[in-house]
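Structure file run-v1.txt; described as compact mmCIF, C-alpha atoms.
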```
# COMPACT_ATOMS: atom_id res chain seq x y z
CA MET A 1 108.41 124.28 114.78
CA ALA A 2 106.61 121.47 112.93
CA THR A 3 107.11 121.02 109.23
CA THR A 4 104.39 119.84 106.92
CA ALA A 5 104.95 117.32 104.17
CA THR A 6 103.36 118.03 100.85
CA PRO A 7 102.64 115.66 97.97
CA GLY A 8 105.81 115.21 95.98
CA GLY A 9 108.08 116.25 98.82
CA HIS A 10 108.74 115.65 102.45
CA ALA A 11 110.47 117.07 105.42
CA PRO A 12 113.54 115.12 106.60
CA ASP A 13 111.73 113.85 109.69
CA GLU A 14 108.59 112.71 107.88
CA THR A 15 107.63 109.79 105.69
CA PRO A 16 107.82 110.69 101.99
CA TRP A 17 104.62 110.85 99.97
CA LEU A 18 104.09 108.32 97.23
CA ASN A 19 105.30 109.42 93.83
CA PRO A 20 102.84 109.05 90.92
CA ASP A 21 104.14 105.61 89.90
CA GLU A 22 104.04 104.34 93.49
CA LYS A 23 100.54 105.74 93.96
CA GLU A 24 99.34 104.05 90.77
CA ALA A 25 100.82 100.70 91.90
CA TRP A 26 99.30 101.05 95.37
CA THR A 27 95.81 102.08 94.24
CA GLY A 28 95.83 99.29 91.65
CA LEU A 29 96.67 96.76 94.33
CA VAL A 30 93.99 98.12 96.66
CA SER A 31 91.43 97.88 93.88
CA LEU A 32 92.34 94.22 93.35
CA ILE A 33 92.23 93.47 97.07
CA LEU A 34 88.86 95.15 97.60
CA LEU A 35 86.97 94.46 94.37
CA LEU A 36 88.20 91.12 93.02
CA PRO A 37 87.03 88.90 95.91
CA GLY A 38 83.41 90.04 95.49
CA ARG A 39 83.55 89.43 91.76
CA LEU A 40 84.96 85.94 92.31
CA GLU A 41 82.41 85.20 95.05
CA SER A 42 79.27 86.23 93.18
CA PRO A 43 79.13 83.27 90.76
CA LEU A 44 80.04 80.85 93.58
CA GLN A 45 77.16 82.11 95.70
CA GLN A 46 74.72 82.02 92.79
CA GLU A 47 75.66 78.59 91.45
CA ALA A 48 77.02 76.70 94.47
CA GLY A 49 75.71 78.57 97.52
CA LEU A 50 79.26 79.09 98.79
CA THR A 51 81.22 82.17 99.75
CA LEU A 52 84.69 82.55 98.28
CA PHE A 53 86.19 81.84 101.72
CA GLU A 54 84.13 78.66 102.07
CA TYR A 55 85.13 77.49 98.61
CA LEU A 56 88.81 78.20 99.26
CA ALA A 57 88.69 76.30 102.54
CA LEU A 58 87.07 73.25 100.91
CA SER A 59 89.37 73.46 97.91
CA HIS A 60 92.56 73.60 99.94
CA ILE A 61 91.52 70.62 102.06
CA SER A 62 90.62 68.70 98.88
CA GLU A 63 94.12 69.29 97.48
CA ALA A 64 95.96 68.32 100.68
CA PRO A 65 97.41 64.84 101.17
CA GLU A 66 94.64 62.49 102.28
CA ARG A 67 92.30 65.51 102.15
CA ARG A 68 93.51 66.50 105.64
CA LEU A 69 94.96 69.85 106.72
CA ARG A 70 95.81 71.55 109.98
CA MET A 71 93.34 74.30 110.77
CA SER A 72 96.14 76.87 111.19
CA GLU A 73 97.53 76.07 107.74
CA LEU A 74 94.04 76.15 106.26
CA ALA A 75 93.34 79.58 107.78
CA TYR A 76 96.48 80.90 106.12
CA LEU A 77 95.74 79.30 102.75
CA ALA A 78 92.13 80.53 102.73
CA ASN A 79 93.22 84.02 103.84
CA GLY A 80 91.18 84.12 107.03
CA SER A 81 91.58 84.13 110.76
CA LEU A 82 91.54 80.90 112.73
CA SER A 83 88.37 82.02 114.55
CA ARG A 84 86.58 82.75 111.25
CA LEU A 85 87.69 79.41 109.87
CA SER A 86 86.53 77.60 113.02
CA ASN A 87 83.04 79.00 112.56
CA VAL A 88 82.96 77.99 108.90
CA VAL A 89 84.30 74.50 109.61
CA LYS A 90 81.71 74.07 112.35
CA ARG A 91 79.01 74.68 109.71
CA PHE A 92 80.81 72.26 107.37
CA GLU A 93 80.75 69.63 110.12
CA GLN A 94 77.01 70.15 110.61
CA ARG A 95 76.52 69.59 106.87
CA GLY A 96 78.70 66.47 106.92
CA TRP A 97 81.39 68.00 104.70
CA VAL A 98 84.32 68.09 107.15
CA GLU A 99 85.41 66.25 110.27
CA ARG A 100 87.81 67.72 112.85
CA SER A 101 90.21 65.75 115.03
CA PRO A 102 93.44 66.27 116.96
CA ASP A 103 96.56 66.15 114.78
CA PRO A 104 98.08 62.67 115.34
CA ASP A 105 101.59 64.18 114.92
CA ASP A 106 101.03 66.98 117.42
CA GLY A 107 97.89 67.01 119.55
CA ARG A 108 98.16 70.77 120.08
CA TYR A 109 96.81 71.21 116.55
CA THR A 110 93.46 70.35 115.01
CA VAL A 111 93.14 68.74 111.59
CA ALA A 112 90.22 69.27 109.23
CA ALA A 113 89.44 66.29 107.01
CA LEU A 114 87.18 66.50 103.99
CA THR A 115 84.45 63.88 103.82
CA ASP A 116 83.26 62.33 100.58
CA ALA A 117 80.20 64.60 100.73
CA GLY A 118 82.44 67.65 101.14
CA TYR A 119 84.59 66.52 98.25
CA GLU A 120 81.48 66.28 96.05
CA VAL A 121 80.58 69.88 96.99
CA VAL A 122 83.98 71.27 96.06
CA VAL A 123 84.17 69.24 92.84
CA ALA A 124 80.75 70.57 91.81
CA ALA A 125 81.72 74.19 92.61
CA ALA A 126 85.20 74.10 91.06
CA PRO A 127 84.19 74.73 87.42
CA THR A 128 82.27 77.85 88.48
CA HIS A 129 85.30 79.17 90.35
CA VAL A 130 87.74 78.33 87.56
CA ARG A 131 85.56 80.07 84.96
CA ALA A 132 85.50 83.23 87.12
CA VAL A 133 89.27 83.10 87.73
CA ARG A 134 89.93 82.73 84.01
CA ARG A 135 87.50 85.49 83.00
CA LEU A 136 88.49 88.01 85.68
CA VAL A 137 92.18 87.32 86.22
CA LEU A 138 93.97 85.05 83.78
CA ASP A 139 92.40 85.69 80.37
CA PRO A 140 93.13 89.46 80.36
CA LEU A 141 96.82 88.75 81.07
CA THR A 142 99.58 87.52 78.80
CA ALA A 143 101.79 84.63 79.93
CA THR A 144 104.43 87.23 80.85
CA ASP A 145 101.86 89.19 82.87
CA GLN A 146 100.85 85.99 84.69
CA GLN A 147 104.48 85.25 85.57
CA ALA A 148 104.96 88.82 86.79
CA LEU A 149 101.79 88.58 88.90
CA ALA A 150 102.96 85.31 90.45
CA GLY A 151 106.35 86.88 91.22
CA ILE A 152 104.79 89.95 92.79
CA ALA A 153 102.41 87.85 94.85
CA ALA A 154 105.32 85.75 96.12
CA LYS A 155 107.22 88.87 97.17
CA LEU A 156 104.23 90.34 98.99
CA ARG A 157 103.00 87.12 100.61
CA VAL A 158 103.02 87.23 104.38
CA ARG A 159 103.30 83.84 106.04
CA PRO A 160 102.73 83.60 109.79
CA ALA A 161 105.84 82.53 111.72
CA ASP A 162 104.20 79.34 113.00
CA LEU A 163 103.60 78.17 109.42
CA ALA A 164 106.99 79.13 108.00
```
If you took the structure in this file and wrote it as structure tokens, what would it be?
Amino acid sequence: MATTATPGGHAPDETPWLNPDEKEAWTGLVSLILLLPGRLESPLQQEAGLTLFEYLALSHISEAPERRLRMSELAYLANGSLSRLSNVVKRFEQRGWVERSPDPDDGRYTVAALTDAGYEVVVAAAPTHVRAVRRLVLDPLTATDQQALAGIAAKLRVRPADLA
């Protein structure tokens, strides 16, 4: 005979339901995951013609040593798949913003290098992104809240095994 779990309780052989505090934490996180990227992307699209993913990709390359980064590392940092990143970087190459080449340390990998033109694009877009990050994320939080957010993010971060 099957047993049915109900909110607030569970049968011994079933996963327990979320309690009210757990549900509040989970739905708050889901709201951030689903709503915040669009709010951060909107000003970037309006002012710089970039998606949030495109900006993050350019930004991470610009901050890397010699403005060069392995594509696999860049996909992780920009929160996208390698295939999505490859399509975006192909467009960047066509615009003269990025050049791809085999990694000199390990030819199995591809490195994306930011050109001077690409660097100019990310430098021009950065103030727009920083204003949105401050307005939507940092300004509403106290310094303690910001530290807690950073700690939570570190605990929940999932890093692919090949980048560990």
Name the closest residue to Ala48 (chain A) among the candidates A:Val30, A:Val89, A:Val121, A:Leu114; distances are taken between atoms, counting only C-alpha atoms.
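So, comparing all the options, the nearest one is A:Val121.
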At what distance in Å, to one decimal, does CA of Ser31 (chain A) lie from CA of Leu138 (chain A)?
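Those two atoms sit 16.5 Å apart.
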May I have the residues within 10 Å of Gly38 (chain A) as a CSV table (one decimal) with C-alpha atoms, keeping the file's coordinate frame, using all atoms listed in the file and disregarding those fewer than 5 positions away in the same chain?
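Contents of the output file out-v3.csv:
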```csv
chain,number,residue,atom,x,y,z
A,33,ILE,CA,92.2,93.5,97.1
A,43,PRO,CA,79.1,83.3,90.8
A,44,LEU,CA,80.0,80.8,93.6
A,51,THR,CA,81.2,82.2,99.8
A,52,LEU,CA,84.7,82.6,98.3
```
Work out how far CA of Glu99 (chain A) is from CA of Ala113 (chain A), in Å to one decimal.
5.2 Å
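We find CA of Ser62 (chain A) and CA of Ala124 (chain A) to be spaced 12.3 Å apart.
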Considering all atoms listed in the file, state which residue in the set A:Leu34, A:Leu82, A:Ala126, A:Met71 is at the smallest distance from Leu50 (chain A).
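The answer is A:Ala126, which sits nearest to Leu50 (chain A).
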